[in-house]
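Student: One structure, pasted below without further comment.
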Amino acid sequence: VVDLAAGSSIPGDGILLQSKDLFVDEAALTGETYPVEKTPGLLADTAALTERTSCVFMGTHVVSGHATVLIVKIGRETEFGHLAHRVMGRARETDFERGVRRFGYLLLEVTLLLVFAIFAINVYLDRPVLESLLFSMALAVGLTPQLLPAIISVNLSHGATRMARQQVIVKRLHAIENFGSMTVLCADKTGTLTEGAMHLEQALDVDGRPSERVLWHAALNATYETGFVNPLDEALRACRTWNFTGCRKLDEVPYDFVRKRLSIFADTPDGPRLITKGAVEQTLAVCTQAEMADGRTVPLLQMQDHILRRCHALANQGFRVLGLAVRAMAPRTQIRKDHEADMTFLGLLAFHDPLKADIAETITTLRRMGVRLKIISGDHRLVAAYVSEQVGLDHQRLLTGQDLRLMTDEALARQVNDIDVFAEVEPNQKERIILALKHSGHVVGYVGDGINDAPALHAADVGISVDSAVDVAKDTADIVLLKKTLSVLVEGVREGRTTFANTLKYVFMATSANFGNMFSMAGASLFLPFLPLLPKQILLTNLLTDIPEMTIATDRVDAELLDQPRTWDIAFIRKFMLTFGVVSSVFDYLTFGALLWILDASPEQFRTGWFIESVLSASAIVLVIRTRRPFFASLPGQPLTLATLAVALVTLALPLLPLATPLGLTPMPPHFLGLLAAILTAYILAAEVAKKQFYARA
């Protein structure tokens, strides 16, 4: 049992035994801005975290009042402990990591099948066992895109640099790929769709018409108050420049969470006035009259229902509403709380957190890019629905925290695709929504900046925070925005898709060219009396063909590859590998025929000729399969072009250099180059035709 007073930190989750005017700041746990009043009592087991008014939680602190509390949970058993435990657990496998793993399994299957088959057949044909083994192992190396980890790292690092220029800081490189593949973005309303700051929208008299008298008295009250700092008073002070010449503050009754009112006693041109501002119901409770637009006062009972209906109508439109009342006072120097009586109700003040200027356009852009926005908010359902309607989201169907408590995970997974707005959501329910979306096949991003957002950030494929967030949120997030606006995310998504597109280019290049060459080599080894390439020549071929592909991170990406999110599609990669591998093999066998029957090549000439053709064809095909357009309609980046030309020149020069003999190469007759040029030209044209037909069927 512990005693709590103002300023006390709460050491564990507990139940109130007794309390007096107890208000607790739970912002760290629930995200609620204002302190919550706590009183002893009984609650249902299904009560939401924000509804447990008889409970206090570890990690929160007392703002005012005092209480005696029975602590029932400590450490990991507390609500805070549950949050920490979920964040500290191992991160779930992301969509990109899952794609890389499945791609690795595909390569493993193909490599093992080919290597064992070639080794067995060569041994069966009475080839030397050691030579056959080395040849098979070289085939395995040649078939494997061993630079994939390096290519991924270079691509991601290059993408992170570009994203930093867009005010997007990447903490975990693999998140870039998921950023580009993201299909759903979940975010809170406050500070994401809205500016995150209160603005005064209307100052209305009792009849509902704009009133300068109401606004003047409200601003005077806000200007002279010195108690509890709140954004509503800031909005009143900032709405215009005020001149209160002739006014003088005499006294103040600060705001408290029992009265929910703030009173200023001031000397005004009309004489001493008590000006009270606060929650509408609590302000009406100390009034007996209401002032009409023409200055007449009428009994409050005549107007009270009308005032409350207007208040509720404003609340339904997403406004935060306060009431304002005044009372003429006799000259004095001090006032007490009991002077808040027999007051005259002046009118209503409507505040709102305005939408960001570009938010509707940004959401439309994200939707065009295939990213669907979903709002997960702790705000009241009417406020969340109103804001969602303003930005074009489906607000007719929404789920609340109460709805989620009654749903199983399976039921939530079936409904989550059709719901754009989640309101009155508890912190632990955010993670459930994220997991349900992932279970439905989405790549999910989540924007959060509070402690209560940490589990959802941890569960998302892409956890996104802002530089003004709490440390726990920034530590958990994969990406940190230097500016809290979705427009920054749009550019980040484009950069993520550029990085992912360039990574897939390497996969397509490496698998198609490597598979074709290694399949051709395996087939040739069965009918040739000698090895078509020596193991060291296979490794050299692999090295040279990887050099242009190392520059793929700087390559241009066609606009159509950025318009929709893309993920690893292993079936698509397998079809691509088989299609272009077969095309490559066809021209490899044409090269074999030309070398054997036209040039009557010796084993050294055969190996040299095919080495040159393999490297040049693999380098040239890069320019074809890097784009879905005709290769001449989509120019590659300058580094890729220069690297391709450099590799081609080195390959043609190698047989003439002193290195030729150790590498097993020999100079080729001049007419071979003309024959090689014809084969390469036909290969590029055939690859273009195959590409057009392949994407037409895809």
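Each chain in the structure tokens gets a letter, A, B and so on, in the order shown; residues start at 1 in every chain, and ligands are counted from 1 in the order they appear.
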Can you tell me which residues surround Glu361 in chain A at a distance of at most 9 Å, considering only C-alpha atoms, apart from same-chain residues fewer than 5 positions away, and format the answer as a compact mmCIF listing (two decimals) with C-alpha atoms, in the first residue's frame?
Tutor:
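What follows is the written file selection.txt:
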# COMPACT_ATOMS: atom_id res chain seq x y z
CA LEU A 366 -0.38 7.95 -51.86
CA VAL A 391 -9.55 14.06 -46.23
CA SER A 487 4.33 14.66 -47.96
Student: If you run DSSP on this backbone, which residues of range 422-474 of chain A come out as strand (DSSP E or B), and could you give them as an MDAnalysis selection string?
Tutor: chainID A and resid 422:423 444:447 462:466
Student: Please save N, CA and C atoms of the selected residues as a PDB file, in the first residue's frame.
Tutor:
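Heads up, here's the output in again38.pdb:
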ATOM      1  N   PHE A 422     -10.054   3.730 -37.342  1.00  0.00           N
ATOM      2  CA  PHE A 422     -10.157   3.066 -36.050  1.00  0.00           C
ATOM      3  C   PHE A 422     -10.100   4.158 -34.992  1.00  0.00           C
ATOM      4  N   ALA A 423     -11.135   4.270 -34.170  1.00  0.00           N
ATOM      5  CA  ALA A 423     -11.224   5.354 -33.190  1.00  0.00           C
ATOM      6  C   ALA A 423     -11.340   4.783 -31.781  1.00  0.00           C
ATOM      7  N   VAL A 444       2.991  -3.305 -44.110  1.00  0.00           N
ATOM      8  CA  VAL A 444       2.381  -2.262 -43.282  1.00  0.00           C
ATOM      9  C   VAL A 444       3.436  -1.299 -42.738  1.00  0.00           C
ATOM     10  N   GLY A 445       3.159  -0.019 -42.896  1.00  0.00           N
ATOM     11  CA  GLY A 445       3.937   1.024 -42.262  1.00  0.00           C
ATOM     12  C   GLY A 445       3.123   1.653 -41.152  1.00  0.00           C
ATOM     13  N   TYR A 446       3.792   2.087 -40.086  1.00  0.00           N
ATOM     14  CA  TYR A 446       3.090   2.714 -38.966  1.00  0.00           C
ATOM     15  C   TYR A 446       3.851   3.946 -38.519  1.00  0.00           C
ATOM     16  N   VAL A 447       3.130   5.062 -38.378  1.00  0.00           N
ATOM     17  CA  VAL A 447       3.717   6.318 -37.921  1.00  0.00           C
ATOM     18  C   VAL A 447       3.313   6.531 -36.469  1.00  0.00           C
ATOM     19  N   VAL A 462       7.430  -1.470 -41.490  1.00  0.00           N
ATOM     20  CA  VAL A 462       8.194  -0.222 -41.475  1.00  0.00           C
ATOM     21  C   VAL A 462       7.692   0.625 -40.319  1.00  0.00           C
ATOM     22  N   GLY A 463       8.501   0.749 -39.268  1.00  0.00           N
ATOM     23  CA  GLY A 463       8.165   1.626 -38.158  1.00  0.00           C
ATOM     24  C   GLY A 463       8.707   3.014 -38.435  1.00  0.00           C
ATOM     25  N   ILE A 464       7.827   4.020 -38.414  1.00  0.00           N
ATOM     26  CA  ILE A 464       8.194   5.383 -38.793  1.00  0.00           C
ATOM     27  C   ILE A 464       7.917   6.308 -37.617  1.00  0.00           C
ATOM     28  N   SER A 465       8.924   7.077 -37.214  1.00  0.00           N
ATOM     29  CA  SER A 465       8.745   8.045 -36.142  1.00  0.00           C
ATOM     30  C   SER A 465       9.243   9.407 -36.624  1.00  0.00           C
ATOM     31  N   VAL A 466       9.230  10.387 -35.734  1.00  0.00           N
ATOM     32  CA  VAL A 466       9.668  11.742 -36.070  1.00  0.00           C
ATOM     33  C   VAL A 466      10.735  12.181 -35.076  1.00  0.00           C
TER      34      VAL A 466
END
Student: From range 461-588 of chain A, collect each residue whose DSSP state is helix (DSSP H, G or I) and return the set as a VMD selection string.
Tutor: chain A and resid 471 to 476 486 to 527 535 to 549 552 to 554 559 to 561 570 to 588
Student: With distances taken over only C-alpha atoms, which residue among A:Asp188, A:Gln415, A:Phe592, A:Gly323 lies nearest Ala456 in chain A?
Tutor: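 Comparing A:Asp188, A:Gln415, A:Phe592, A:Gly323 against Ala456 in chain A, the winner is A:Asp188.
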Student: If we count only C-alpha atoms and set the cut-off at 8 Å, which residues sit around Ser525 in chain A, ignoring sequence neighbours fewer than 6 positions away in its own chain? Please answer as a count of residues only.
Tutor: 3
